[in-house]
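Q: One file: query.pdb (PDB, C-alpha atoms).
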MODEL        1
ATOM      1  CA  MET A   1      66.464  87.664  34.907  1.00  0.00           C
ATOM      2  CA  LYS A   2      64.628  90.808  35.922  1.00  0.00           C
ATOM      3  CA  GLN A   3      65.965  93.884  34.154  1.00  0.00           C
ATOM      4  CA  ARG A   4      66.489  97.147  35.954  1.00  0.00           C
ATOM      5  CA  PRO A   5      64.345  99.958  34.521  1.00  0.00           C
ATOM      6  CA  ASP A   6      66.238 102.324  32.224  1.00  0.00           C
ATOM      7  CA  TRP A   7      65.279 105.337  34.346  1.00  0.00           C
ATOM      8  CA  ILE A   8      67.200 104.145  37.372  1.00  0.00           C
ATOM      9  CA  ILE A   9      70.979 104.315  37.840  1.00  0.00           C
ATOM     10  CA  GLU A  10      72.175 102.190  40.726  1.00  0.00           C
ATOM     11  CA  LYS A  11      75.747 101.775  41.850  1.00  0.00           C
ATOM     12  CA  LYS A  12      77.501 100.330  44.824  1.00  0.00           C
ATOM     13  CA  VAL A  13      79.878 103.014  46.013  1.00  0.00           C
ATOM     14  CA  VAL A  14      82.514 103.269  48.711  1.00  0.00           C
ATOM     15  CA  LEU A  15      82.220 106.560  50.546  1.00  0.00           C
ATOM     16  CA  ALA A  16      85.134 108.664  51.804  1.00  0.00           C
ATOM     17  CA  ASP A  17      85.030 106.925  55.212  1.00  0.00           C
ATOM     18  CA  GLY A  18      85.167 103.463  53.615  1.00  0.00           C
ATOM     19  CA  THR A  19      81.451 102.694  54.086  1.00  0.00           C
ATOM     20  CA  ALA A  20      79.794 100.772  51.255  1.00  0.00           C
ATOM     21  CA  ALA A  21      76.520 102.339  50.124  1.00  0.00           C
ATOM     22  CA  LEU A  22      73.991 101.909  47.350  1.00  0.00           C
ATOM     23  CA  TRP A  23      73.585 104.988  45.176  1.00  0.00           C
ATOM     24  CA  SER A  24      70.184 104.988  43.462  1.00  0.00           C
ATOM     25  CA  TYR A  25      69.269 107.836  41.110  1.00  0.00           C
ATOM     26  CA  ASP A  26      65.920 108.107  39.324  1.00  0.00           C
ATOM     27  CA  THR A  27      66.681 110.058  36.135  1.00  0.00           C
ATOM     28  CA  GLU A  28      63.026 110.777  35.253  1.00  0.00           C
ATOM     29  CA  GLY A  29      61.897 111.758  38.732  1.00  0.00           C
ATOM     30  CA  ASP A  30      65.226 113.464  39.674  1.00  0.00           C
ATOM     31  CA  PHE A  31      65.213 111.624  42.998  1.00  0.00           C
ATOM     32  CA  LEU A  32      68.416 110.394  44.624  1.00  0.00           C
ATOM     33  CA  GLU A  33      68.425 107.931  47.483  1.00  0.00           C
ATOM     34  CA  ILE A  34      71.623 106.700  49.112  1.00  0.00           C
ATOM     35  CA  PHE A  35      71.173 103.540  51.157  1.00  0.00           C
ATOM     36  CA  PHE A  36      73.608 102.789  53.978  1.00  0.00           C
ATOM     37  CA  HIS A  37      71.890  99.824  55.618  1.00  0.00           C
ATOM     38  CA  GLU A  38      68.901  97.657  54.749  1.00  0.00           C
ATOM     39  CA  ALA A  39      66.686  97.656  57.808  1.00  0.00           C
ATOM     40  CA  PRO A  40      63.266  98.983  58.741  1.00  0.00           C
ATOM     41  CA  ALA A  41      63.390 102.678  59.604  1.00  0.00           C
ATOM     42  CA  SER A  42      62.160 103.585  63.046  1.00  0.00           C
ATOM     43  CA  ALA A  43      62.046 107.284  62.206  1.00  0.00           C
ATOM     44  CA  THR A  44      62.151 109.611  59.226  1.00  0.00           C
ATOM     45  CA  VAL A  45      62.843 113.321  59.256  1.00  0.00           C
ATOM     46  CA  GLU A  46      62.626 115.912  56.523  1.00  0.00           C
ATOM     47  CA  LEU A  47      65.945 117.654  57.231  1.00  0.00           C
ATOM     48  CA  ALA A  48      65.400 120.404  54.674  1.00  0.00           C
ATOM     49  CA  ASP A  49      62.998 121.027  51.829  1.00  0.00           C
ATOM     50  CA  GLY A  50      62.589 117.630  50.118  1.00  0.00           C
ATOM     51  CA  ILE A  51      65.581 116.027  51.856  1.00  0.00           C
ATOM     52  CA  PHE A  52      64.895 113.031  54.046  1.00  0.00           C
ATOM     53  CA  LEU A  53      66.862 110.983  56.518  1.00  0.00           C
ATOM     54  CA  ARG A  54      65.518 107.546  57.378  1.00  0.00           C
ATOM     55  CA  PHE A  55      67.179 106.165  60.465  1.00  0.00           C
ATOM     56  CA  ASP A  56      67.177 103.573  63.191  1.00  0.00           C
ATOM     57  CA  ARG A  57      66.320 105.498  66.313  1.00  0.00           C
ATOM     58  CA  LYS A  58      67.428 102.805  68.767  1.00  0.00           C
ATOM     59  CA  GLY A  59      70.803 102.125  67.189  1.00  0.00           C
ATOM     60  CA  GLY A  60      71.286 105.764  66.159  1.00  0.00           C
ATOM     61  CA  ARG A  61      72.331 104.723  62.675  1.00  0.00           C
ATOM     62  CA  PRO A  62      71.334 106.130  59.296  1.00  0.00           C
ATOM     63  CA  LEU A  63      69.484 103.915  56.808  1.00  0.00           C
ATOM     64  CA  SER A  64      69.164 106.227  53.832  1.00  0.00           C
ATOM     65  CA  LEU A  65      69.309 109.827  52.664  1.00  0.00           C
ATOM     66  CA  GLY A  66      66.738 110.841  50.037  1.00  0.00           C
ATOM     67  CA  PHE A  67      66.832 113.978  47.876  1.00  0.00           C
ATOM     68  CA  ALA A  68      63.774 115.090  45.871  1.00  0.00           C
ATOM     69  CA  ALA A  69      64.623 117.447  42.965  1.00  0.00           C
ATOM     70  CA  VAL A  70      68.321 116.793  43.521  1.00  0.00           C
ATOM     71  CA  THR A  71      69.799 118.324  40.340  1.00  0.00           C
ATOM     72  CA  PRO A  72      69.629 121.971  41.511  1.00  0.00           C
ATOM     73  CA  LEU A  73      71.635 120.940  44.593  1.00  0.00           C
ATOM     74  CA  THR A  74      74.501 119.718  42.448  1.00  0.00           C
ATOM     75  CA  GLN A  75      74.784 122.851  40.335  1.00  0.00           C
ATOM     76  CA  LYS A  76      77.393 125.398  41.297  1.00  0.00           C
ATOM     77  CA  ARG A  77      76.058 128.930  41.808  1.00  0.00           C
ATOM     78  CA  GLU A  78      77.763 132.284  41.556  1.00  0.00           C
ATOM     79  CA  PHE A  79      79.802 131.763  44.746  1.00  0.00           C
ATOM     80  CA  GLY A  80      79.851 127.970  45.071  1.00  0.00           C
ATOM     81  CA  PRO A  81      77.503 125.095  45.860  1.00  0.00           C
ATOM     82  CA  PRO A  82      74.050 125.946  47.241  1.00  0.00           C
ATOM     83  CA  LEU A  83      73.509 125.764  50.999  1.00  0.00           C
ATOM     84  CA  LEU A  84      70.475 124.139  52.578  1.00  0.00           C
ATOM     85  CA  THR A  85      68.939 125.375  55.785  1.00  0.00           C
ATOM     86  CA  LEU A  86      68.207 122.347  57.956  1.00  0.00           C
ATOM     87  CA  THR A  87      64.817 123.562  59.145  1.00  0.00           C
ATOM     88  CA  GLY A  88      63.733 120.029  60.048  1.00  0.00           C
ATOM     89  CA  LEU A  89      66.126 119.876  63.006  1.00  0.00           C
ATOM     90  CA  GLY A  90      64.337 122.684  64.803  1.00  0.00           C
ATOM     91  CA  LYS A  91      60.987 120.897  64.513  1.00  0.00           C
ATOM     92  CA  LEU A  92      62.158 117.759  66.319  1.00  0.00           C
ATOM     93  CA  PRO A  93      61.727 116.999  70.003  1.00  0.00           C
ATOM     94  CA  GLU A  94      65.063 117.375  71.851  1.00  0.00           C
ATOM     95  CA  PRO A  95      65.896 113.637  72.221  1.00  0.00           C
ATOM     96  CA  GLU A  96      65.230 113.084  68.509  1.00  0.00           C
ATOM     97  CA  ARG A  97      67.198 116.198  67.564  1.00  0.00           C
ATOM     98  CA  LYS A  98      70.262 114.918  69.459  1.00  0.00           C
ATOM     99  CA  ILE A  99      70.107 111.544  67.674  1.00  0.00           C
ATOM    100  CA  VAL A 100      69.721 113.163  64.253  1.00  0.00           C
ATOM    101  CA  LEU A 101      72.485 115.712  64.879  1.00  0.00           C
ATOM    102  CA  LYS A 102      74.886 112.945  65.918  1.00  0.00           C
ATOM    103  CA  ILE A 103      74.029 110.985  62.762  1.00  0.00           C
ATOM    104  CA  LEU A 104      74.575 114.082  60.611  1.00  0.00           C
ATOM    105  CA  GLN A 105      77.929 114.845  62.210  1.00  0.00           C
ATOM    106  CA  SER A 106      79.235 111.282  61.869  1.00  0.00           C
ATOM    107  CA  PRO A 107      80.299 109.064  58.980  1.00  0.00           C
ATOM    108  CA  PRO A 108      78.901 107.972  56.619  1.00  0.00           C
ATOM    109  CA  VAL A 109      76.341 110.814  56.454  1.00  0.00           C
ATOM    110  CA  ASN A 110      78.911 113.572  56.955  1.00  0.00           C
ATOM    111  CA  THR A 111      80.750 112.362  53.863  1.00  0.00           C
ATOM    112  CA  ILE A 112      77.669 113.305  51.798  1.00  0.00           C
ATOM    113  CA  LEU A 113      76.010 116.118  53.705  1.00  0.00           C
ATOM    114  CA  LYS A 114      78.459 118.617  55.192  1.00  0.00           C
ATOM    115  CA  ILE A 115      76.851 120.613  57.952  1.00  0.00           C
ATOM    116  CA  TYR A 116      77.862 124.039  59.197  1.00  0.00           C
ATOM    117  CA  SER A 117      76.727 126.587  61.771  1.00  0.00           C
ATOM    118  CA  PHE A 118      75.732 129.905  60.274  1.00  0.00           C
ATOM    119  CA  LYS A 119      75.478 132.833  62.681  1.00  0.00           C
ATOM    120  CA  PRO A 120      74.127 135.884  60.899  1.00  0.00           C
ATOM    121  CA  GLY A 121      75.082 138.224  63.788  1.00  0.00           C
ATOM    122  CA  ALA A 122      76.971 138.195  67.100  1.00  0.00           C
ATOM    123  CA  ARG A 123      73.778 137.834  69.106  1.00  0.00           C
ATOM    124  CA  ALA A 124      71.933 135.639  66.676  1.00  0.00           C
ATOM    125  CA  ARG A 125      71.396 131.943  67.257  1.00  0.00           C
ATOM    126  CA  ALA A 126      73.365 129.617  65.026  1.00  0.00           C
ATOM    127  CA  ILE A 127      71.413 128.160  62.115  1.00  0.00           C
ATOM    128  CA  PRO A 128      72.313 124.647  60.882  1.00  0.00           C
ATOM    129  CA  VAL A 129      73.069 124.648  57.168  1.00  0.00           C
ATOM    130  CA  ALA A 130      74.480 121.982  54.876  1.00  0.00           C
ATOM    131  CA  SER A 131      75.835 121.381  51.414  1.00  0.00           C
ATOM    132  CA  LEU A 132      75.740 118.241  49.317  1.00  0.00           C
ATOM    133  CA  GLU A 133      78.981 116.453  48.596  1.00  0.00           C
ATOM    134  CA  GLN A 134      78.593 114.362  45.491  1.00  0.00           C
ATOM    135  CA  PRO A 135      80.797 111.273  45.466  1.00  0.00           C
ATOM    136  CA  VAL A 136      79.261 110.075  42.165  1.00  0.00           C
ATOM    137  CA  PRO A 137      77.977 112.267  39.303  1.00  0.00           C
ATOM    138  CA  LEU A 138      74.210 111.801  38.866  1.00  0.00           C
ATOM    139  CA  MET A 139      74.262 110.733  35.232  1.00  0.00           C
ATOM    140  CA  ALA A 140      77.596 108.850  35.091  1.00  0.00           C
TER     141      ALA A 140
ATOM    142  CA  MET B   1      52.317  98.627  30.616  1.00  0.00           C
ATOM    143  CA  ASP B   2      50.122  98.378  33.694  1.00  0.00           C
ATOM    144  CA  ARG B   3      49.453 101.615  35.475  1.00  0.00           C
ATOM    145  CA  TRP B   4      47.086 102.929  38.105  1.00  0.00           C
ATOM    146  CA  ILE B   5      45.680 106.436  38.116  1.00  0.00           C
ATOM    147  CA  ALA B   6      44.672 108.544  41.103  1.00  0.00           C
ATOM    148  CA  THR B   7      43.219 112.051  41.054  1.00  0.00           C
ATOM    149  CA  ASP B   8      44.320 114.391  43.817  1.00  0.00           C
ATOM    150  CA  ARG B   9      42.056 116.819  45.663  1.00  0.00           C
ATOM    151  CA  ALA B  10      42.779 119.545  43.109  1.00  0.00           C
ATOM    152  CA  GLY B  11      41.771 117.294  40.192  1.00  0.00           C
ATOM    153  CA  ARG B  12      45.277 116.477  38.932  1.00  0.00           C
ATOM    154  CA  GLU B  13      45.623 112.989  37.463  1.00  0.00           C
ATOM    155  CA  ILE B  14      48.739 111.150  38.624  1.00  0.00           C
ATOM    156  CA  TYR B  15      49.773 107.680  37.514  1.00  0.00           C
ATOM    157  CA  LEU B  16      51.819 104.928  39.083  1.00  0.00           C
ATOM    158  CA  THR B  17      53.367 102.349  36.762  1.00  0.00           C
ATOM    159  CA  GLN B  18      53.804  98.671  37.589  1.00  0.00           C
ATOM    160  CA  GLU B  19      57.541  99.086  36.992  1.00  0.00           C
ATOM    161  CA  ARG B  20      57.840 101.912  39.508  1.00  0.00           C
ATOM    162  CA  TRP B  21      55.652 100.111  42.011  1.00  0.00           C
ATOM    163  CA  ALA B  22      57.954  97.061  41.837  1.00  0.00           C
ATOM    164  CA  HIS B  23      60.960  99.319  42.410  1.00  0.00           C
ATOM    165  CA  ILE B  24      59.302 101.103  45.355  1.00  0.00           C
ATOM    166  CA  VAL B  25      58.425  97.844  47.093  1.00  0.00           C
ATOM    167  CA  SER B  26      61.923  96.431  46.531  1.00  0.00           C
ATOM    168  CA  ARG B  27      63.471  99.415  48.312  1.00  0.00           C
ATOM    169  CA  HIS B  28      60.699 100.099  50.837  1.00  0.00           C
ATOM    170  CA  PRO B  29      59.162  96.728  51.738  1.00  0.00           C
ATOM    171  CA  GLU B  30      56.941  98.321  54.382  1.00  0.00           C
ATOM    172  CA  LEU B  31      54.678  99.290  51.461  1.00  0.00           C
ATOM    173  CA  ASP B  32      54.363  95.755  50.100  1.00  0.00           C
ATOM    174  CA  GLY B  33      50.643  95.121  49.624  1.00  0.00           C
ATOM    175  CA  ARG B  34      49.806  98.807  50.289  1.00  0.00           C
ATOM    176  CA  ARG B  35      49.462 100.053  46.733  1.00  0.00           C
ATOM    177  CA  GLU B  36      45.893 101.153  47.305  1.00  0.00           C
ATOM    178  CA  ASP B  37      47.013 103.113  50.390  1.00  0.00           C
ATOM    179  CA  VAL B  38      49.642 104.867  48.270  1.00  0.00           C
ATOM    180  CA  LEU B  39      47.007 105.815  45.676  1.00  0.00           C
ATOM    181  CA  GLN B  40      44.690 106.920  48.471  1.00  0.00           C
ATOM    182  CA  THR B  41      47.486 109.147  49.811  1.00  0.00           C
ATOM    183  CA  ILE B  42      47.398 110.962  46.465  1.00  0.00           C
ATOM    184  CA  ARG B  43      43.601 111.175  46.460  1.00  0.00           C
ATOM    185  CA  ARG B  44      43.114 112.283  50.044  1.00  0.00           C
ATOM    186  CA  GLY B  45      46.494 113.319  51.448  1.00  0.00           C
ATOM    187  CA  ARG B  46      48.048 116.707  52.047  1.00  0.00           C
ATOM    188  CA  ARG B  47      50.251 118.111  49.322  1.00  0.00           C
ATOM    189  CA  LYS B  48      53.450 120.112  49.627  1.00  0.00           C
ATOM    190  CA  GLN B  49      55.386 121.591  46.741  1.00  0.00           C
ATOM    191  CA  THR B  50      59.176 121.511  47.059  1.00  0.00           C
ATOM    192  CA  LYS B  51      60.699 124.989  47.015  1.00  0.00           C
ATOM    193  CA  ARG B  52      63.617 123.869  44.896  1.00  0.00           C
ATOM    194  CA  ASP B  53      61.443 122.553  42.098  1.00  0.00           C
ATOM    195  CA  PRO B  54      57.770 123.569  41.871  1.00  0.00           C
ATOM    196  CA  HIS B  55      57.214 120.548  39.604  1.00  0.00           C
ATOM    197  CA  THR B  56      57.979 118.092  42.405  1.00  0.00           C
ATOM    198  CA  CYS B  57      55.428 117.569  45.160  1.00  0.00           C
ATOM    199  CA  LEU B  58      55.134 115.473  48.302  1.00  0.00           C
ATOM    200  CA  TYR B  59      51.840 113.889  49.356  1.00  0.00           C
ATOM    201  CA  TYR B  60      51.472 112.473  52.839  1.00  0.00           C
ATOM    202  CA  ARG B  61      48.721 110.891  54.849  1.00  0.00           C
ATOM    203  CA  ARG B  62      48.397 108.963  58.098  1.00  0.00           C
ATOM    204  CA  VAL B  63      47.557 105.323  57.462  1.00  0.00           C
ATOM    205  CA  ALA B  64      46.538 103.000  60.272  1.00  0.00           C
ATOM    206  CA  ARG B  65      47.199  99.666  58.611  1.00  0.00           C
ATOM    207  CA  LEU B  66      50.969  99.942  58.092  1.00  0.00           C
ATOM    208  CA  PRO B  67      53.408  97.588  59.809  1.00  0.00           C
ATOM    209  CA  GLU B  68      54.858  98.941  63.071  1.00  0.00           C
ATOM    210  CA  PRO B  69      56.266 101.560  63.600  1.00  0.00           C
ATOM    211  CA  TYR B  70      55.088 103.241  60.386  1.00  0.00           C
ATOM    212  CA  ASN B  71      52.029 105.460  60.563  1.00  0.00           C
ATOM    213  CA  THR B  72      52.239 107.705  57.495  1.00  0.00           C
ATOM    214  CA  ILE B  73      52.760 107.237  53.782  1.00  0.00           C
ATOM    215  CA  LEU B  74      54.808 109.780  51.876  1.00  0.00           C
ATOM    216  CA  VAL B  75      54.637 109.879  48.071  1.00  0.00           C
ATOM    217  CA  VAL B  76      56.929 111.905  45.797  1.00  0.00           C
ATOM    218  CA  VAL B  77      55.207 113.005  42.574  1.00  0.00           C
ATOM    219  CA  ALA B  78      56.774 114.620  39.488  1.00  0.00           C
ATOM    220  CA  PHE B  79      54.624 117.005  37.435  1.00  0.00           C
ATOM    221  CA  ARG B  80      55.970 117.025  33.908  1.00  0.00           C
ATOM    222  CA  HIS B  81      54.736 117.543  30.363  1.00  0.00           C
ATOM    223  CA  THR B  82      55.160 115.400  27.302  1.00  0.00           C
ATOM    224  CA  SER B  83      54.363 115.759  23.602  1.00  0.00           C
ATOM    225  CA  LEU B  84      52.007 113.255  21.969  1.00  0.00           C
ATOM    226  CA  PRO B  85      53.820 111.554  19.067  1.00  0.00           C
ATOM    227  CA  SER B  86      50.644 111.547  16.958  1.00  0.00           C
ATOM    228  CA  SER B  87      49.697 115.217  17.186  1.00  0.00           C
ATOM    229  CA  GLY B  88      52.614 116.944  18.898  1.00  0.00           C
ATOM    230  CA  GLU B  89      50.139 118.206  21.482  1.00  0.00           C
ATOM    231  CA  THR B  90      51.655 118.884  24.918  1.00  0.00           C
ATOM    232  CA  VAL B  91      49.910 117.014  27.704  1.00  0.00           C
ATOM    233  CA  ALA B  92      50.441 116.598  31.454  1.00  0.00           C
ATOM    234  CA  ASN B  93      52.674 113.716  32.502  1.00  0.00           C
ATOM    235  CA  ASN B  94      52.280 113.455  36.279  1.00  0.00           C
ATOM    236  CA  PHE B  95      53.728 110.338  37.839  1.00  0.00           C
ATOM    237  CA  VAL B  96      54.670 108.768  41.162  1.00  0.00           C
ATOM    238  CA  VAL B  97      58.451 108.849  41.568  1.00  0.00           C
ATOM    239  CA  THR B  98      58.742 106.998  44.853  1.00  0.00           C
ATOM    240  CA  ALA B  99      57.014 106.391  48.163  1.00  0.00           C
ATOM    241  CA  TRP B 100      57.870 105.095  51.604  1.00  0.00           C
ATOM    242  CA  GLY B 101      56.481 104.504  55.059  1.00  0.00           C
ATOM    243  CA  ASP B 102      57.068 107.402  57.396  1.00  0.00           C
ATOM    244  CA  VAL B 103      57.027 107.575  61.178  1.00  0.00           C
ATOM    245  CA  SER B 104      55.987 110.085  63.797  1.00  0.00           C
ATOM    246  CA  ALA B 105      59.351 111.852  64.171  1.00  0.00           C
ATOM    247  CA  SER B 106      58.507 113.530  60.886  1.00  0.00           C
ATOM    248  CA  PRO B 107      57.985 117.294  60.979  1.00  0.00           C
ATOM    249  CA  PHE B 108      54.918 116.626  58.837  1.00  0.00           C
ATOM    250  CA  GLU B 109      53.135 115.579  61.998  1.00  0.00           C
ATOM    251  CA  GLU B 110      50.652 118.197  63.043  1.00  0.00           C
TER     252      GLU B 110
ENDMDL
END
Can you turn what I pasted into structure tokens?
A:
Amino acid sequence: MKQRPDWIIEKKVVLADGTAALWSYDTEGDFLEIFFHEAPASATVELADGIFLRFDRKGGRPLSLGFAAVTPLTQKREFGPPLLTLTGLGKLPEPERKIVLKILQSPPVNTILKIYSFKPGARARAIPVASLEQPVPLMA
Amino acid sequence: MDRWIATDRAGREIYLTQERWAHIVSRHPELDGRREDVLQTIRRGRRKQTKRDPHTCLYYRRVARLPEPYNTILVVVAFRHTSLPSSGETVANNFVVTAWGDVSASPFEE
């Protein structure tokens, strides 16, 4: 039987909405990927610095969320968990942006990545930001 | 252990182990048979450092021979250091973490 490498922690998890997912954490590379469905991706977007959503454009469903250098995102700061600015959304063409936004606002992705609108002033445009919910500790 | 080494455009040596390659292909089958394209992405691709961790970088490059609809390879590389057991000398330990086929919705597209 093929053994799993000792640098990878993989677990089947049930997310808050009841969706089964595969949680795959690379302890040496500090890369987390959460797989929702096994299917070829028809699009990938870098939502924020080093954070990727692979999805099925036609069905509008998420395939996986990948986080490079994930540990800093799980560490509480002075006032709470760090927020990510979702700069990738603004770079997408409108039809793509709508698909991605719907995926982000729906289960199972919204059980892991909570998104918020941040408006720095009354006249300012809202900025999409997010924080990482961690259903499973990285090293458990 | 089998490993392949590629040198990026800035002269940094980065290795990919057989074990990691097997894991990459099991999770991202679009790269099955494209190991040389992954190494070429390191040699010739564009490089972006993550802001969160300057020791993690992304390499990406358009590749024509990928299965539809993929058109780009993205490689995540960790830049670490390790001590040699024999001398205690600290040496670079730069390795491929993961890779996958990317598609044109990516903001990487120019």
Q: Smallest atom-to-atom distance to Ile103 (chain A): which of A:Ile9, A:Ala21, A:Leu65, A:Leu138, using only C-alpha atoms?
A: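 Closest to Ile103 (chain A) of all the choices is A:Leu65.
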Q: Output the residue selection produced by the ChimeraX specification (/A :<8) & /B on the file above, formatted as a list in words.
A: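 When the ChimeraX specification (/A :<8) & /B is applied to the shown file, the picked residues are Glu19, Glu30, Thr50, Lys51, Arg52, Asp53, Thr56, Leu58, Pro69, Tyr70, Val76, Val77, Ala78, Val97, Asp102, Val103, Ser104, Ala105, Ser106 and Pro107 of chain B.
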Q: Write the selection just made, keeping C-alpha atoms, as a compact mmCIF listing (two decimals), in the frame of the given file?
A:
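This went into out_1.txt:
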# COMPACT_ATOMS: atom_id res chain seq x y z
CA GLU B 19 57.54 99.09 36.99
CA GLU B 30 56.94 98.32 54.38
CA THR B 50 59.18 121.51 47.06
CA LYS B 51 60.70 124.99 47.02
CA ARG B 52 63.62 123.87 44.90
CA ASP B 53 61.44 122.55 42.10
CA THR B 56 57.98 118.09 42.40
CA LEU B 58 55.13 115.47 48.30
CA PRO B 69 56.27 101.56 63.60
CA TYR B 70 55.09 103.24 60.39
CA VAL B 76 56.93 111.90 45.80
CA VAL B 77 55.21 113.00 42.57
CA ALA B 78 56.77 114.62 39.49
CA VAL B 97 58.45 108.85 41.57
CA ASP B 102 57.07 107.40 57.40
CA VAL B 103 57.03 107.58 61.18
CA SER B 104 55.99 110.08 63.80
CA ALA B 105 59.35 111.85 64.17
CA SER B 106 58.51 113.53 60.89
CA PRO B 107 57.98 117.29 60.98
Q: Please, what is the axis-aligned box for every listed atom of region 53-67 of chain A with 8 Å on each side, as centre and edge lengths in Å to one decimal, as JSON?
A:
{"center_x": 68.9, "center_y": 108.1, "center_z": 58.3, "size_x": 22.8, "size_y": 27.9, "size_z": 36.9}
Q: Find the residues near region 31-45 of chain B: any atom within 7 Å, counting only C-alpha atoms, skip ones fewer than 5 places away on the same chain, and give them as a compact mmCIF listing (two decimals) with C-alpha atoms, keeping the file's coordinate frame.
A:
# COMPACT_ATOMS: atom_id res chain seq x y z
CA ALA B 6 44.67 108.54 41.10
CA THR B 7 43.22 112.05 41.05
CA ASP B 8 44.32 114.39 43.82
CA ARG B 9 42.06 116.82 45.66
CA VAL B 25 58.42 97.84 47.09
CA TYR B 59 51.84 113.89 49.36
CA TYR B 60 51.47 112.47 52.84
CA ARG B 61 48.72 110.89 54.85
CA ILE B 73 52.76 107.24 53.78
CA TRP B 100 57.87 105.10 51.60
CA GLY B 101 56.48 104.50 55.06
Q: When you draw a straight line from CA of Phe36 (chain A) to CA of Val109 (chain A), how long is it in Å?
A: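 Between CA of Phe36 (chain A) and CA of Val109 (chain A) the gap works out to 8.8 Å.
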Q: At what distance in Å, to one decimal, does CA of Ala99 (chain B) lie from CA of Pro29 (chain B)?
A: 10.5 Å
Q: Contacts of Val91 (chain B) at 10 Å or less, counting only C-alpha atoms, minus same-chain residues fewer than 6 places along, as number ranges by chain?
A: B: 80-84
Q: Residues of the last selection are to be written out with C-alpha atoms, as a PDB file, in the frame of the given file.
A:
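Result file selection10.pdb:
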ATOM      1  CA  ARG B  80      55.970 117.025  33.908  1.00  0.00           C
ATOM      2  CA  HIS B  81      54.736 117.543  30.363  1.00  0.00           C
ATOM      3  CA  THR B  82      55.160 115.400  27.302  1.00  0.00           C
ATOM      4  CA  SER B  83      54.363 115.759  23.602  1.00  0.00           C
ATOM      5  CA  LEU B  84      52.007 113.255  21.969  1.00  0.00           C
TER       6      LEU B  84
END
Q: Quick one: pull the distance between CA of Leu63 (chain A) and CA of Gly80 (chain A), Å, one decimal.
A: 28.7 Å
Q: Go through A:Ile115, A:Val136, A:Leu84, A:Leu101 one by one, measure the shortest atom-to-atom distance of each to Arg61 (chain A) using all atoms listed in the file, and give the residue with the smallest value.
A: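 Closest candidate: A:Leu101.
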Q: Please evaluate the PyMOL selection byres ((chain A and resi 128) around 9) against the structure above and give the resulting residues as a PDB file with C-alpha atoms, keeping the file's coordinate frame.
A:
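Written out: expr22.pdb:
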ATOM      1  CA  LEU A  84      70.475 124.139  52.578  1.00  0.00           C
ATOM      2  CA  THR A  85      68.939 125.375  55.785  1.00  0.00           C
ATOM      3  CA  LEU A  86      68.207 122.347  57.956  1.00  0.00           C
ATOM      4  CA  THR A  87      64.817 123.562  59.145  1.00  0.00           C
ATOM      5  CA  LEU A  89      66.126 119.876  63.006  1.00  0.00           C
ATOM      6  CA  ILE A 115      76.851 120.613  57.952  1.00  0.00           C
ATOM      7  CA  TYR A 116      77.862 124.039  59.197  1.00  0.00           C
ATOM      8  CA  SER A 117      76.727 126.587  61.771  1.00  0.00           C
ATOM      9  CA  PHE A 118      75.732 129.905  60.274  1.00  0.00           C
ATOM     10  CA  LYS A 119      75.478 132.833  62.681  1.00  0.00           C
ATOM     11  CA  ALA A 126      73.365 129.617  65.026  1.00  0.00           C
ATOM     12  CA  ILE A 127      71.413 128.160  62.115  1.00  0.00           C
ATOM     13  CA  VAL A 129      73.069 124.648  57.168  1.00  0.00           C
ATOM     14  CA  ALA A 130      74.480 121.982  54.876  1.00  0.00           C
TER      15      ALA A 130
END
Q: Quick one: residues within 12 Å of Ala20 (chain A), only C-alpha atoms, excluding same-chain residues fewer than 4 positions away - as a PyMOL selection string?
A: chain A and resi 11-16+34-38+107-109+111
